[in-house]
Each structure stands twice: as structure tokens, then as C-alpha cells.
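Structure file data02.pdb (PDB, C-alpha atoms (C1' of nucleotides)) is printed below.
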ATOM      1  CA  MET A  15      42.314  36.306  50.367
ATOM      2  CA  PRO A  16      40.441  37.061  53.590
ATOM      3  CA  PRO A  17      37.029  38.724  53.571
ATOM      4  CA  ARG A  18      37.083  42.499  53.734
ATOM      5  CA  PRO A  19      37.213  43.978  57.212
ATOM      6  CA  THR A  20      34.536  46.561  56.447
ATOM      7  CA  LEU A  21      30.847  46.119  55.711
ATOM      8  CA  GLY A  22      29.829  46.084  52.091
ATOM      9  CA  GLU A  23      27.011  48.346  51.005
ATOM     10  CA  LEU A  24      24.344  45.630  50.921
ATOM     11  CA  GLU A  25      25.786  43.917  53.982
ATOM     12  CA  LEU A  26      25.176  47.061  56.009
ATOM     13  CA  LEU A  27      21.570  47.351  54.827
ATOM     14  CA  VAL A  28      20.864  43.710  55.576
ATOM     15  CA  LEU A  29      22.466  43.957  58.999
ATOM     16  CA  LEU A  30      20.290  46.970  59.825
ATOM     17  CA  ALA A  31      17.174  45.132  58.653
ATOM     18  CA  VAL A  32      18.064  42.163  60.865
ATOM     19  CA  LEU A  33      18.434  44.538  63.799
ATOM     20  CA  ARG A  34      15.083  46.184  63.130
ATOM     21  CA  LEU A  35      13.169  42.939  62.698
ATOM     22  CA  GLU A  36      14.382  41.538  66.006
ATOM     23  CA  ASP A  37      12.982  37.984  66.272
ATOM     24  CA  GLN A  38      11.326  38.008  62.843
ATOM     25  CA  ALA A  39      14.446  38.353  60.725
ATOM     26  CA  TYR A  40      14.417  35.928  57.815
ATOM     27  CA  GLY A  41      14.642  36.205  54.041
ATOM     28  CA  VAL A  42      11.291  37.596  52.962
ATOM     29  CA  PRO A  43      10.732  40.214  55.719
ATOM     30  CA  ILE A  44      14.286  41.451  55.271
ATOM     31  CA  ALA A  45      13.623  42.072  51.591
ATOM     32  CA  GLN A  46      10.341  43.799  52.441
ATOM     33  CA  GLU A  47      12.028  46.009  55.012
ATOM     34  CA  LEU A  48      14.655  47.170  52.537
ATOM     35  CA  LEU A  49      12.011  47.912  49.948
ATOM     36  CA  ALA A  50       9.710  49.740  52.346
ATOM     37  CA  LEU A  51      12.283  51.757  54.286
ATOM     38  CA  ALA A  52      15.106  52.281  51.843
ATOM     39  CA  GLY A  53      13.275  51.927  48.534
ATOM     40  CA  ARG A  54      15.710  49.211  47.637
ATOM     41  CA  ASP A  55      14.392  46.262  45.622
ATOM     42  CA  VAL A  56      16.769  43.354  46.099
ATOM     43  CA  ALA A  57      16.264  39.787  44.880
ATOM     44  CA  LEU A  58      16.011  37.185  47.614
ATOM     45  CA  GLY A  59      19.074  35.430  46.269
ATOM     46  CA  SER A  60      21.111  38.550  46.943
ATOM     47  CA  ILE A  61      19.799  38.792  50.502
ATOM     48  CA  TYR A  62      20.720  35.212  51.276
ATOM     49  CA  ALA A  63      24.158  35.633  49.742
ATOM     50  CA  ALA A  64      24.795  38.662  51.947
ATOM     51  CA  LEU A  65      23.504  36.811  54.993
ATOM     52  CA  ASP A  66      25.836  33.902  54.271
ATOM     53  CA  ARG A  67      28.801  36.244  54.074
ATOM     54  CA  LEU A  68      27.783  37.946  57.302
ATOM     55  CA  GLU A  69      27.470  34.631  59.053
ATOM     56  CA  GLN A  70      30.900  33.514  57.868
ATOM     57  CA  LYS A  71      32.330  36.740  59.251
ATOM     58  CA  GLY A  72      30.630  36.080  62.566
ATOM     59  CA  LEU A  73      28.397  39.154  62.360
ATOM     60  CA  VAL A  74      25.096  37.274  62.394
ATOM     61  CA  HIS A  75      24.010  33.868  63.625
ATOM     62  CA  SER A  76      21.204  31.745  62.225
ATOM     63  CA  THR A  77      18.852  29.205  63.768
ATOM     64  CA  LEU A  78      16.297  26.998  62.091
ATOM     65  CA  GLY A  79      12.750  27.657  63.314
ATOM     66  CA  ASP A  80       9.765  25.314  63.521
ATOM     67  CA  PRO A  81       7.433  24.889  60.551
ATOM     68  CA  THR A  82       4.228  26.892  60.919
ATOM     69  CA  PRO A  83       0.770  25.324  60.319
ATOM     70  CA  GLU A  84      -0.075  27.114  57.097
ATOM     71  CA  ARG A  85       0.187  26.271  53.453
ATOM     72  CA  GLY A  86       3.842  26.436  52.414
ATOM     73  CA  GLY A  87       4.767  26.981  56.029
ATOM     74  CA  ARG A  88       8.133  25.298  55.878
ATOM     75  CA  ALA A  89      10.806  25.997  58.483
ATOM     76  CA  LYS A  90      12.365  29.438  58.362
ATOM     77  CA  ARG A  91      15.977  30.335  58.932
ATOM     78  CA  PHE A  92      16.004  33.139  61.491
ATOM     79  CA  PHE A  93      18.949  35.480  61.798
ATOM     80  CA  HIS A  94      20.101  37.585  64.676
ATOM     81  CA  ILE A  95      23.036  39.894  65.100
ATOM     82  CA  THR A  96      26.109  39.028  67.154
ATOM     83  CA  PRO A  97      28.044  41.418  69.428
ATOM     84  CA  ALA A  98      30.682  41.721  66.700
ATOM     85  CA  GLY A  99      27.944  42.520  64.207
ATOM     86  CA  LEU A 100      26.522  45.240  66.422
ATOM     87  CA  GLN A 101      29.970  46.735  66.866
ATOM     88  CA  SER A 102      30.489  46.653  63.132
ATOM     89  CA  VAL A 103      27.284  48.607  62.535
ATOM     90  CA  ARG A 104      28.229  51.149  65.181
ATOM     91  CA  ASP A 105      31.683  51.669  63.704
ATOM     92  CA  THR A 106      30.312  52.097  60.209
ATOM     93  CA  ARG A 107      27.672  54.535  61.357
ATOM     94  CA  ALA A 108      30.212  56.543  63.334
ATOM     95  CA  ALA A 109      32.571  56.779  60.360
ATOM     96  CA  LEU A 110      29.827  57.884  57.980
ATOM     97  CA  THR A 111      28.355  60.347  60.433
ATOM     98  CA  THR A 112      31.755  61.937  60.916
ATOM     99  CA  LEU A 113      32.387  62.081  57.216
ATOM    100  CA  TRP A 114      29.109  63.719  56.260
ATOM    101  CA  SER A 115      28.996  66.178  59.148
ATOM    102  CA  GLY A 116      29.677  69.827  58.464
ATOM    103  CA  ILE A 117      29.313  69.680  54.714
ATOM    104  CA  PRO A 118      27.435  72.820  53.607
ATOM    105  CA  SER A 119      26.002  71.302  50.417
ATOM    106  CA  LEU A 120      24.398  68.518  52.430
ATOM    107  CA  GLU A 121      22.632  70.732  54.955
ATOM    108  CA  GLY A 122      19.047  71.858  54.731
ATOM    109  CA  GLU A 123      17.743  68.924  52.776
ATOM    110  CA  PRO A 124      14.520  66.970  53.038
ATOM    111  CA  GLY A 125      14.780  63.687  54.918
TER
ATOM    112  CA  MET B  17      26.392  44.482  32.771
ATOM    113  CA  PRO B  18      25.659  48.120  33.573
ATOM    114  CA  PRO B  19      27.193  49.797  36.609
ATOM    115  CA  ARG B  20      25.167  49.427  39.781
ATOM    116  CA  PRO B  21      22.644  52.180  40.430
ATOM    117  CA  THR B  22      23.656  52.528  44.074
ATOM    118  CA  LEU B  23      26.899  53.778  45.580
ATOM    119  CA  GLY B  24      29.436  51.154  46.560
ATOM    120  CA  GLU B  25      30.866  51.366  50.038
ATOM    121  CA  LEU B  26      34.165  52.930  48.965
ATOM    122  CA  GLU B  27      32.464  55.053  46.345
ATOM    123  CA  LEU B  28      30.380  56.724  49.040
ATOM    124  CA  LEU B  29      33.432  57.453  51.187
ATOM    125  CA  VAL B  30      35.345  58.902  48.262
ATOM    126  CA  LEU B  31      32.387  61.016  47.193
ATOM    127  CA  LEU B  32      32.118  62.432  50.709
ATOM    128  CA  ALA B  33      35.827  63.200  50.780
ATOM    129  CA  VAL B  34      35.543  65.015  47.453
ATOM    130  CA  LEU B  35      32.703  67.087  48.891
ATOM    131  CA  ARG B  36      34.685  67.953  52.016
ATOM    132  CA  LEU B  37      37.846  68.920  50.161
ATOM    133  CA  GLU B  38      36.020  71.347  47.870
ATOM    134  CA  ASP B  39      38.600  72.715  45.430
ATOM    135  CA  GLN B  40      41.466  70.572  46.738
ATOM    136  CA  ALA B  41      40.072  67.172  45.874
ATOM    137  CA  TYR B  42      42.671  64.985  44.206
ATOM    138  CA  GLY B  43      44.204  61.574  44.910
ATOM    139  CA  VAL B  44      46.513  62.158  47.859
ATOM    140  CA  PRO B  45      44.313  64.478  49.991
ATOM    141  CA  ILE B  46      41.351  62.170  49.459
ATOM    142  CA  ALA B  47      43.340  59.261  50.855
ATOM    143  CA  GLN B  48      44.473  61.408  53.791
ATOM    144  CA  GLU B  49      40.926  62.511  54.524
ATOM    145  CA  LEU B  50      39.663  58.928  54.640
ATOM    146  CA  LEU B  51      42.500  57.931  56.945
ATOM    147  CA  ALA B  52      42.117  60.909  59.261
ATOM    148  CA  LEU B  53      38.324  61.047  59.496
ATOM    149  CA  ALA B  54      37.226  57.464  58.990
ATOM    150  CA  GLY B  55      40.351  55.600  60.049
ATOM    151  CA  ARG B  56      40.322  53.957  56.667
ATOM    152  CA  ASP B  57      43.688  53.249  55.033
ATOM    153  CA  VAL B  58      43.110  52.830  51.306
ATOM    154  CA  ALA B  59      45.783  52.480  48.617
ATOM    155  CA  LEU B  60      45.890  55.263  46.061
ATOM    156  CA  GLY B  61      45.208  52.789  43.291
ATOM    157  CA  SER B  62      41.888  51.959  44.906
ATOM    158  CA  ILE B  63      40.972  55.623  45.247
ATOM    159  CA  TYR B  64      41.622  56.329  41.595
ATOM    160  CA  ALA B  65      39.688  53.247  40.542
ATOM    161  CA  ALA B  66      36.681  54.445  42.543
ATOM    162  CA  LEU B  67      37.026  57.950  41.090
ATOM    163  CA  ASP B  68      37.086  56.542  37.582
ATOM    164  CA  ARG B  69      33.900  54.599  38.220
ATOM    165  CA  LEU B  70      32.241  57.668  39.707
ATOM    166  CA  GLU B  71      33.206  59.748  36.717
ATOM    167  CA  GLN B  72      31.831  57.162  34.295
ATOM    168  CA  LYS B  73      28.564  57.258  36.213
ATOM    169  CA  GLY B  74      28.511  61.025  35.961
ATOM    170  CA  LEU B  75      28.751  61.585  39.707
ATOM    171  CA  VAL B  76      32.037  63.469  39.637
ATOM    172  CA  HIS B  77      33.858  65.459  37.003
ATOM    173  CA  SER B  78      37.621  65.909  36.708
ATOM    174  CA  THR B  79      39.778  68.706  35.375
ATOM    175  CA  LEU B  80      43.532  68.798  34.922
ATOM    176  CA  GLY B  81      45.192  71.537  36.973
ATOM    177  CA  ASP B  82      48.375  73.454  36.304
ATOM    178  CA  PRO B  83      51.735  72.132  37.495
ATOM    179  CA  THR B  84      52.898  73.837  40.688
ATOM    180  CA  PRO B  85      56.428  75.246  41.049
ATOM    181  CA  GLU B  86      57.761  72.693  43.512
ATOM    182  CA  ARG B  87      59.726  69.522  43.269
ATOM    183  CA  GLY B  88      57.533  66.779  41.847
ATOM    184  CA  GLY B  89      54.812  69.328  41.291
ATOM    185  CA  ARG B  90      53.285  67.738  38.241
ATOM    186  CA  ALA B  91      49.752  68.553  37.169
ATOM    187  CA  LYS B  92      47.019  67.264  39.445
ATOM    188  CA  ARG B  93      43.686  65.847  38.431
ATOM    189  CA  PHE B  94      41.081  67.699  40.487
ATOM    190  CA  PHE B  95      37.667  66.214  41.083
ATOM    191  CA  HIS B  96      34.413  67.867  41.926
ATOM    192  CA  ILE B  97      30.957  66.497  42.469
ATOM    193  CA  THR B  98      28.136  66.855  39.956
ATOM    194  CA  PRO B  99      24.468  67.568  40.769
ATOM    195  CA  ALA B 100      23.732  63.871  40.194
ATOM    196  CA  GLY B 101      26.551  62.986  42.567
ATOM    197  CA  LEU B 102      25.203  65.265  45.260
ATOM    198  CA  GLN B 103      21.752  63.774  44.860
ATOM    199  CA  SER B 104      23.229  60.311  45.108
ATOM    200  CA  VAL B 105      24.920  61.147  48.408
ATOM    201  CA  ARG B 106      21.723  62.665  49.762
ATOM    202  CA  ASP B 107      19.655  59.636  48.804
ATOM    203  CA  THR B 108      22.135  57.253  50.357
ATOM    204  CA  ARG B 109      22.324  59.254  53.558
ATOM    205  CA  ALA B 110      18.535  59.486  53.775
ATOM    206  CA  ALA B 111      18.142  55.733  53.298
ATOM    207  CA  LEU B 112      20.737  54.881  55.935
ATOM    208  CA  THR B 113      19.431  57.444  58.405
ATOM    209  CA  THR B 114      15.933  56.035  58.062
ATOM    210  CA  LEU B 115      17.166  52.496  58.429
ATOM    211  CA  TRP B 116      19.189  53.051  61.577
ATOM    212  CA  SER B 117      16.691  55.325  63.313
ATOM    213  CA  GLY B 118      14.745  53.959  66.225
ATOM    214  CA  ILE B 119      16.872  50.901  66.836
ATOM    215  CA  PRO B 120      17.231  50.460  70.612
ATOM    216  CA  SER B 121      20.545  48.576  70.471
ATOM    217  CA  LEU B 122      22.118  51.434  68.558
ATOM    218  CA  GLU B 123      21.120  54.207  70.941
ATOM    219  CA  GLY B 124      23.297  55.648  73.664
ATOM    220  CA  GLU B 125      26.623  55.015  72.063
ATOM    221  CA  PRO B 126      29.721  57.159  71.790
ATOM    222  CA  GLY B 127      30.085  59.006  68.516
TER
ATOM    223  C1'  DC C  17       0.112  15.840  43.135
ATOM    224  C1'  DA C  18      -0.525  20.703  42.755
ATOM    225  C1'  DT C  19       0.457  24.839  45.219
ATOM    226  C1'  DT C  20       2.632  27.836  48.458
ATOM    227  C1'  DT C  21       6.597  29.441  51.097
ATOM    228  C1'  DC C  22      11.069  29.600  51.846
ATOM    229  C1'  DT C  23      16.052  28.416  50.814
ATOM    230  C1'  DT C  24      20.035  27.070  48.022
ATOM    231  C1'  DC C  25      22.603  26.847  43.723
ATOM    232  C1'  DA C  26      24.943  28.361  39.449
ATOM    233  C1'  DA C  27      26.712  31.782  36.434
ATOM    234  C1'  DC C  28      28.288  36.114  35.788
ATOM    235  C1'  DT C  29      29.531  41.251  36.387
ATOM    236  C1'  DA C  30      30.779  45.054  39.283
ATOM    237  C1'  DT C  31      33.409  46.655  42.982
ATOM    238  C1'  DA C  32      37.521  46.729  45.712
ATOM    239  C1'  DA C  33      42.397  46.114  46.760
ATOM    240  C1'  DA C  34      47.470  46.502  46.375
ATOM    241  C1'  DG C  35      51.668  46.920  44.137
ATOM    242  C1'  DA C  36      54.235  47.973  40.068
ATOM    243  C1'  DA C  37      54.948  50.798  36.417
ATOM    244  C1'  DG C  38      54.564  55.256  33.996
ATOM    245  C1'  DA C  39      54.551  60.387  33.416
ATOM    246  C1'  DA C  40      55.849  65.070  34.592
ATOM    247  C1'  DA C  41      57.903  68.155  37.243
ATOM    248  C1'  DT C  42      62.296  70.156  40.031
ATOM    249  C1'  DA C  43      67.119  69.873  42.178
ATOM    250  C1'  DG C  44      71.678  69.190  41.962
ATOM    251  C1'  DA C  45      75.813  67.653  39.853
ATOM    252  C1'  DT C  46      79.064  67.694  36.132
TER
ATOM    253  C1'  DA D  27      73.133  72.929  29.328
ATOM    254  C1'  DT D  28      72.024  68.258  30.007
ATOM    255  C1'  DC D  29      72.041  64.252  32.535
ATOM    256  C1'  DT D  30      70.476  61.811  36.436
ATOM    257  C1'  DA D  31      68.267  61.301  40.769
ATOM    258  C1'  DT D  32      64.287  62.430  43.433
ATOM    259  C1'  DT D  33      59.627  63.824  44.326
ATOM    260  C1'  DT D  34      54.731  63.885  43.324
ATOM    261  C1'  DC D  35      51.041  62.302  41.207
ATOM    262  C1'  DT D  36      48.546  59.071  37.958
ATOM    263  C1'  DT D  37      47.671  54.853  35.369
ATOM    264  C1'  DC D  38      48.013  49.936  34.672
ATOM    265  C1'  DT D  39      47.793  44.998  35.890
ATOM    266  C1'  DT D  40      46.236  41.409  38.567
ATOM    267  C1'  DT D  41      43.509  39.048  41.832
ATOM    268  C1'  DA D  42      39.786  38.429  45.076
ATOM    269  C1'  DT D  43      35.414  39.811  47.307
ATOM    270  C1'  DA D  44      30.770  41.561  46.933
ATOM    271  C1'  DG D  45      26.528  41.900  44.578
ATOM    272  C1'  DT D  46      23.018  40.300  41.138
ATOM    273  C1'  DT D  47      19.533  37.413  38.955
ATOM    274  C1'  DG D  48      16.940  33.490  37.611
ATOM    275  C1'  DA D  49      16.141  28.892  38.208
ATOM    276  C1'  DA D  50      16.128  24.833  40.760
ATOM    277  C1'  DG D  51      15.477  22.466  45.258
ATOM    278  C1'  DA D  52      13.178  21.330  49.767
ATOM    279  C1'  DA D  53       9.379  21.138  52.942
ATOM    280  C1'  DA D  54       5.137  22.111  54.243
ATOM    281  C1'  DT D  55      -0.367  22.095  53.357
ATOM    282  C1'  DG D  56      -4.826  21.643  50.402
TER
END
As C-alpha cells:
Amino acid sequence: MPPRPTLGELELLVLLAVLRLEDQAYGVPIAQELLALAGRDVALGSIYAALDRLEQKGLVHSTLGDPTPERGGRAKRFFHITPAGLQSVRDTRAALTTLWSGIPSLEGEPG
Amino acid sequence: MPPRPTLGELELLVLLAVLRLEDQAYGVPIAQELLALAGRDVALGSIYAALDRLEQKGLVHSTLGDPTPERGGRAKRFFHITPAGLQSVRDTRAALTTLWSGIPSLEGEPG
DNA sequence: CATTTCTTCAACTATAAAGAAGAAATAGAT
DNA sequence: ATCTATTTCTTCTTTATAGTTGAAGAAATG
């Protein structure tokens, strides 16, 4: 069976973190971003699994960086979003925004 | 394994449709709402499965209505959101809104 | 060779999807 | 009246994807 055409819940979060981090998007900072901005504590294994799925779908692309001169500074796998990935985020955001617009019980909230 | 603490992708859509439909939230209209507003064509079986999960998590509550005097008018199962469900939608929306705010590549788009 | 940082692997459960089957009502025929 | 077909809505069955964690693996420095 083919992958699903829509973004999974975690896939969307990870894609947004990759977008935010620009040229510093790899495993650890992505996890930190989700924890800091969305309060979401996700194991690194889950992040990498989502990234692998996204790459197979052509929504992100990864390149291997150079090792950095610090203890444990092994090469990082950097991710960046593809045009299809950006479109996917836009479509998802548009659908959600439409769906949660004009709902009285959602108005006037903090955040 | 316990259910996941966060809303799945379809679960969020269904929860929003239930909110929108107010006192007319049952299987068929929910599917129509997702198709009309989000362009998302989901089989009824999938909708009911999501509703069952949401009810087990205490995010919606269902009541059996009266049969209506029309052909095929058997009793409907109406759903409405619980306080916990509303909070769940708010939290999810807040997290996503935070995450996709201030991203240059997402600005200036239609929708 | 111990330690640090980062990535991959393995096992398992939840979520999602679609189609088929089931239940409950009315309409129309006999 | 009751039998049968049709309509509407719900539940069941099956299969695959998505999400989760902990542990192991790889690559660097001290």
C-alpha cells in the first residue's frame, strides 16, 4: 500500500521544525524545537523515523555534513524541505485554518 | 499500550467537524463537512473508527437519537464534544499556530 | 579506550483506511 | 397485513501506515 497522501500529525510538526531551523535542521535541534515551542517531548528515534518517511515521500532532502572539531562531533545529517514539502505544509495549514475558523467555542482563548 | 495523548491527524479533523456541526454531528454530515471544507474524502468506516477512539479518550460523547419519519430514517448516533475535547483542540491549535508563525517561506500565500 | 554526539535498528502498539456486512426504518406490491 | 425491496445509518473485518521507545551502532575527540 502506498504512503498516505496527507501529513501525519508528527510529520507535520517535524516538517515545521525543519522549516524553522533553516540550515541547522538535524535530529537533536528538531527535538529541542518541538519541546520548546510545542511542549512536545519526542524520542529521537521517533524524529528520525518521521524524517525517513518524509524523505521517502520527497518532502525533505538530507545531506551529510562535515564533522565538527569538538568531542563527539561526528558528521550530522542535515535536512531541508523540498518544494513539494513546502506545498504540503501550506495545504495542511490552509485546510486546518478553514476548518477551525468561525467556531464560536474556539474564539476568545489564550494563545 | 495506552492511547496516544495527542490528537491524530484524522482525529483532529473529525473533532473540528463535530464542533462545527453542533447538534447535527453524526457520521454522514461529518464526512460531508470534511469533503466540502478540507477537500478530504474519507470513508465512513474511518470516520466511525476515529469517533470511537475519541469517545474512549473522553473527548466526545455520543447519544442515540430518535428515528425520523422518512425512508431509511433509522436512529442516528449524535456526537458532541466534551470539555476535555475542546481543550484538546485548543492545545493542538495553539501548538501549531506557534510552530508555523514567523516562517518566511510560509508568508504571503493564498488561503 | 573511555566518553560524547549523533544516527540507525528492532519490536511493538496505535492510528488510519476501505469495503463488506449488519441493523432499523419506510415504501410499495400482493 | 406481511413480505420484499430500498434507503439510511452503523458496526465489523482486514490490512497497512504512522508513531513510540529503548538499545545498539558509528564516528569523532580527550
Worksheet item: What do you get, as JSON, numbers by chain, if you spell out every residue that the PyMOL selection byres ((chain B) within 7 of (chain D)) selects here?
Response: {"B": [87, 88, 89, 90, 92]}
Item to complete: Starting from the displayed file, determine the output of the PyMOL selection byres ((chain B) within 9 of (chain C)) and express the residue list as a list of chain:residue names.
Response: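 So the PyMOL selection byres ((chain B) within 9 of (chain C)) ends up selecting B:Met17, B:Pro18, B:Pro19, B:Arg20, B:Gly24, B:Glu25, B:Leu26, B:Val58, B:Ala59, B:Leu60, B:Gly61, B:Ser62, B:Ala65, B:Ala66, B:Pro83, B:Thr84, B:Pro85, B:Glu86, B:Arg87, B:Gly88, B:Gly89, B:Arg90, B:Ala91.
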Pull C-alpha atoms from the residues just selected and write them as a PDB file, in the coordinates of the input.
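Contents of again_4.pdb, freshly written:
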ATOM      1  CA  MET B  17      26.392  44.482  32.771  1.00  0.00           C
ATOM      2  CA  PRO B  18      25.659  48.120  33.573  1.00  0.00           C
ATOM      3  CA  PRO B  19      27.193  49.797  36.609  1.00  0.00           C
ATOM      4  CA  ARG B  20      25.167  49.427  39.781  1.00  0.00           C
ATOM      5  CA  GLY B  24      29.436  51.154  46.560  1.00  0.00           C
ATOM      6  CA  GLU B  25      30.866  51.366  50.038  1.00  0.00           C
ATOM      7  CA  LEU B  26      34.165  52.930  48.965  1.00  0.00           C
ATOM      8  CA  VAL B  58      43.110  52.830  51.306  1.00  0.00           C
ATOM      9  CA  ALA B  59      45.783  52.480  48.617  1.00  0.00           C
ATOM     10  CA  LEU B  60      45.890  55.263  46.061  1.00  0.00           C
ATOM     11  CA  GLY B  61      45.208  52.789  43.291  1.00  0.00           C
ATOM     12  CA  SER B  62      41.888  51.959  44.906  1.00  0.00           C
ATOM     13  CA  ALA B  65      39.688  53.247  40.542  1.00  0.00           C
ATOM     14  CA  ALA B  66      36.681  54.445  42.543  1.00  0.00           C
ATOM     15  CA  PRO B  83      51.735  72.132  37.495  1.00  0.00           C
ATOM     16  CA  THR B  84      52.898  73.837  40.688  1.00  0.00           C
ATOM     17  CA  PRO B  85      56.428  75.246  41.049  1.00  0.00           C
ATOM     18  CA  GLU B  86      57.761  72.693  43.512  1.00  0.00           C
ATOM     19  CA  ARG B  87      59.726  69.522  43.269  1.00  0.00           C
ATOM     20  CA  GLY B  88      57.533  66.779  41.847  1.00  0.00           C
ATOM     21  CA  GLY B  89      54.812  69.328  41.291  1.00  0.00           C
ATOM     22  CA  ARG B  90      53.285  67.738  38.241  1.00  0.00           C
ATOM     23  CA  ALA B  91      49.752  68.553  37.169  1.00  0.00           C
TER      24      ALA B  91
END
Compute the set of chain B residues within 8 Å of chain A, using only C-alpha atoms, and express it as an mmCIF file with C-alpha atoms, in the coordinates of the input.
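Listed below is the output, out_2.cif:
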data_model
loop_
_atom_site.group_PDB
_atom_site.id
_atom_site.type_symbol
_atom_site.label_atom_id
_atom_site.label_comp_id
_atom_site.auth_asym_id
_atom_site.auth_seq_id
_atom_site.Cartn_x
_atom_site.Cartn_y
_atom_site.Cartn_z
ATOM 1 C CA LEU B 23 26.899 53.778 45.580
ATOM 2 C CA GLY B 24 29.436 51.154 46.560
ATOM 3 C CA GLU B 25 30.866 51.366 50.038
ATOM 4 C CA LEU B 29 33.432 57.453 51.187
ATOM 5 C CA LEU B 32 32.118 62.432 50.709
ATOM 6 C CA ALA B 33 35.827 63.200 50.780
ATOM 7 C CA LEU B 35 32.703 67.087 48.891
ATOM 8 C CA ARG B 36 34.685 67.953 52.016
ATOM 9 C CA LEU B 53 38.324 61.047 59.496
ATOM 10 C CA ALA B 54 37.226 57.464 58.990
ATOM 11 C CA GLY B 55 40.351 55.600 60.049
ATOM 12 C CA LEU B 102 25.203 65.265 45.260
ATOM 13 C CA ARG B 106 21.723 62.665 49.762
ATOM 14 C CA ALA B 110 18.535 59.486 53.775
ATOM 15 C CA ALA B 111 18.142 55.733 53.298
ATOM 16 C CA LEU B 112 20.737 54.881 55.935
ATOM 17 C CA THR B 114 15.933 56.035 58.062
ATOM 18 C CA LEU B 115 17.166 52.496 58.429
ATOM 19 C CA TRP B 116 19.189 53.051 61.577
ATOM 20 C CA ILE B 119 16.872 50.901 66.836
ATOM 21 C CA SER B 121 20.545 48.576 70.471
ATOM 22 C CA LEU B 122 22.118 51.434 68.558
ATOM 23 C CA GLY B 127 30.085 59.006 68.516
#
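Relative to CA of Phe94 (chain B), CA of Tyr42 (chain B) is found at 4.9 Å.
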Worksheet item: Quick one: distance from CA of Glu71 (chain B) to CA of Leu49 (chain A) in Å, one decimal?
Response: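 Interatomic distance, CA of Glu71 (chain B) to CA of Leu49 (chain A): 27.6 Å.
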Worksheet item: If you measure from CA of Ala100 (chain B) to CA of Tyr64 (chain B), what distance in Å do you get, rounded to one decimal?
Response: 19.5 Å
Worksheet entry | Picked residues, the PyMOL selection byres ((chain A and resi 73) around 6), as a PyMOL selection string | chain A and resi 68-69+71-72+74+96+98-99
Discussion item. What's around Phe93 (chain A) at 7 Å? Count only C-alpha atoms (C1' of nucleotides), leave out sequence neighbours fewer than 5 positions away in its own chain, and write the answer as a list in words.
Written reply: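 Within the cut-off, the hits are Val32, Ala39, Tyr40, Val74, His75, Ser76 and Thr77 of chain A.
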How would region 26-43 of chain B look with N, CA and C atoms restored, written as a compact mmCIF listing (two decimals), in the coordinates of the input?
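Result went into out03.txt, see below:
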# COMPACT_ATOMS: atom_id res chain seq x y z
N LEU B 26 33.03 52.02 49.14
CA LEU B 26 34.16 52.93 48.96
C LEU B 26 33.76 54.14 48.14
N GLU B 27 32.92 53.94 47.18
CA GLU B 27 32.46 55.05 46.34
C GLU B 27 31.81 56.15 47.19
N LEU B 28 31.02 55.74 48.16
CA LEU B 28 30.38 56.72 49.04
C LEU B 28 31.42 57.50 49.84
N LEU B 29 32.39 56.79 50.40
CA LEU B 29 33.43 57.45 51.19
C LEU B 29 34.21 58.45 50.34
N VAL B 30 34.57 58.04 49.15
CA VAL B 30 35.34 58.90 48.26
C VAL B 30 34.53 60.13 47.86
N LEU B 31 33.26 59.91 47.58
CA LEU B 31 32.39 61.02 47.19
C LEU B 31 32.29 62.03 48.34
N LEU B 32 32.19 61.54 49.56
CA LEU B 32 32.12 62.43 50.71
C LEU B 32 33.43 63.19 50.90
N ALA B 33 34.54 62.52 50.66
CA ALA B 33 35.83 63.20 50.78
C ALA B 33 35.95 64.29 49.73
N VAL B 34 35.50 64.01 48.52
CA VAL B 34 35.54 65.02 47.45
C VAL B 34 34.72 66.24 47.85
N LEU B 35 33.56 65.99 48.43
CA LEU B 35 32.70 67.09 48.89
C LEU B 35 33.42 67.93 49.95
N ARG B 36 34.02 67.26 50.91
CA ARG B 36 34.68 67.95 52.02
C ARG B 36 35.86 68.80 51.53
N LEU B 37 36.59 68.27 50.56
CA LEU B 37 37.85 68.92 50.16
C LEU B 37 37.62 70.10 49.22
N GLU B 38 36.38 70.24 48.76
CA GLU B 38 36.02 71.35 47.87
C GLU B 38 36.98 71.47 46.68
N ASP B 39 37.77 72.53 46.63
CA ASP B 39 38.60 72.72 45.43
C ASP B 39 39.98 72.05 45.55
N GLN B 40 40.17 71.25 46.59
CA GLN B 40 41.47 70.57 46.74
C GLN B 40 41.32 69.06 46.66
N ALA B 41 40.35 68.61 45.92
CA ALA B 41 40.07 67.17 45.87
C ALA B 41 40.85 66.48 44.77
N TYR B 42 41.96 65.87 45.14
CA TYR B 42 42.67 64.98 44.21
C TYR B 42 43.22 63.81 45.00
N GLY B 43 43.81 62.85 44.31
CA GLY B 43 44.20 61.57 44.91
C GLY B 43 44.72 61.58 46.33
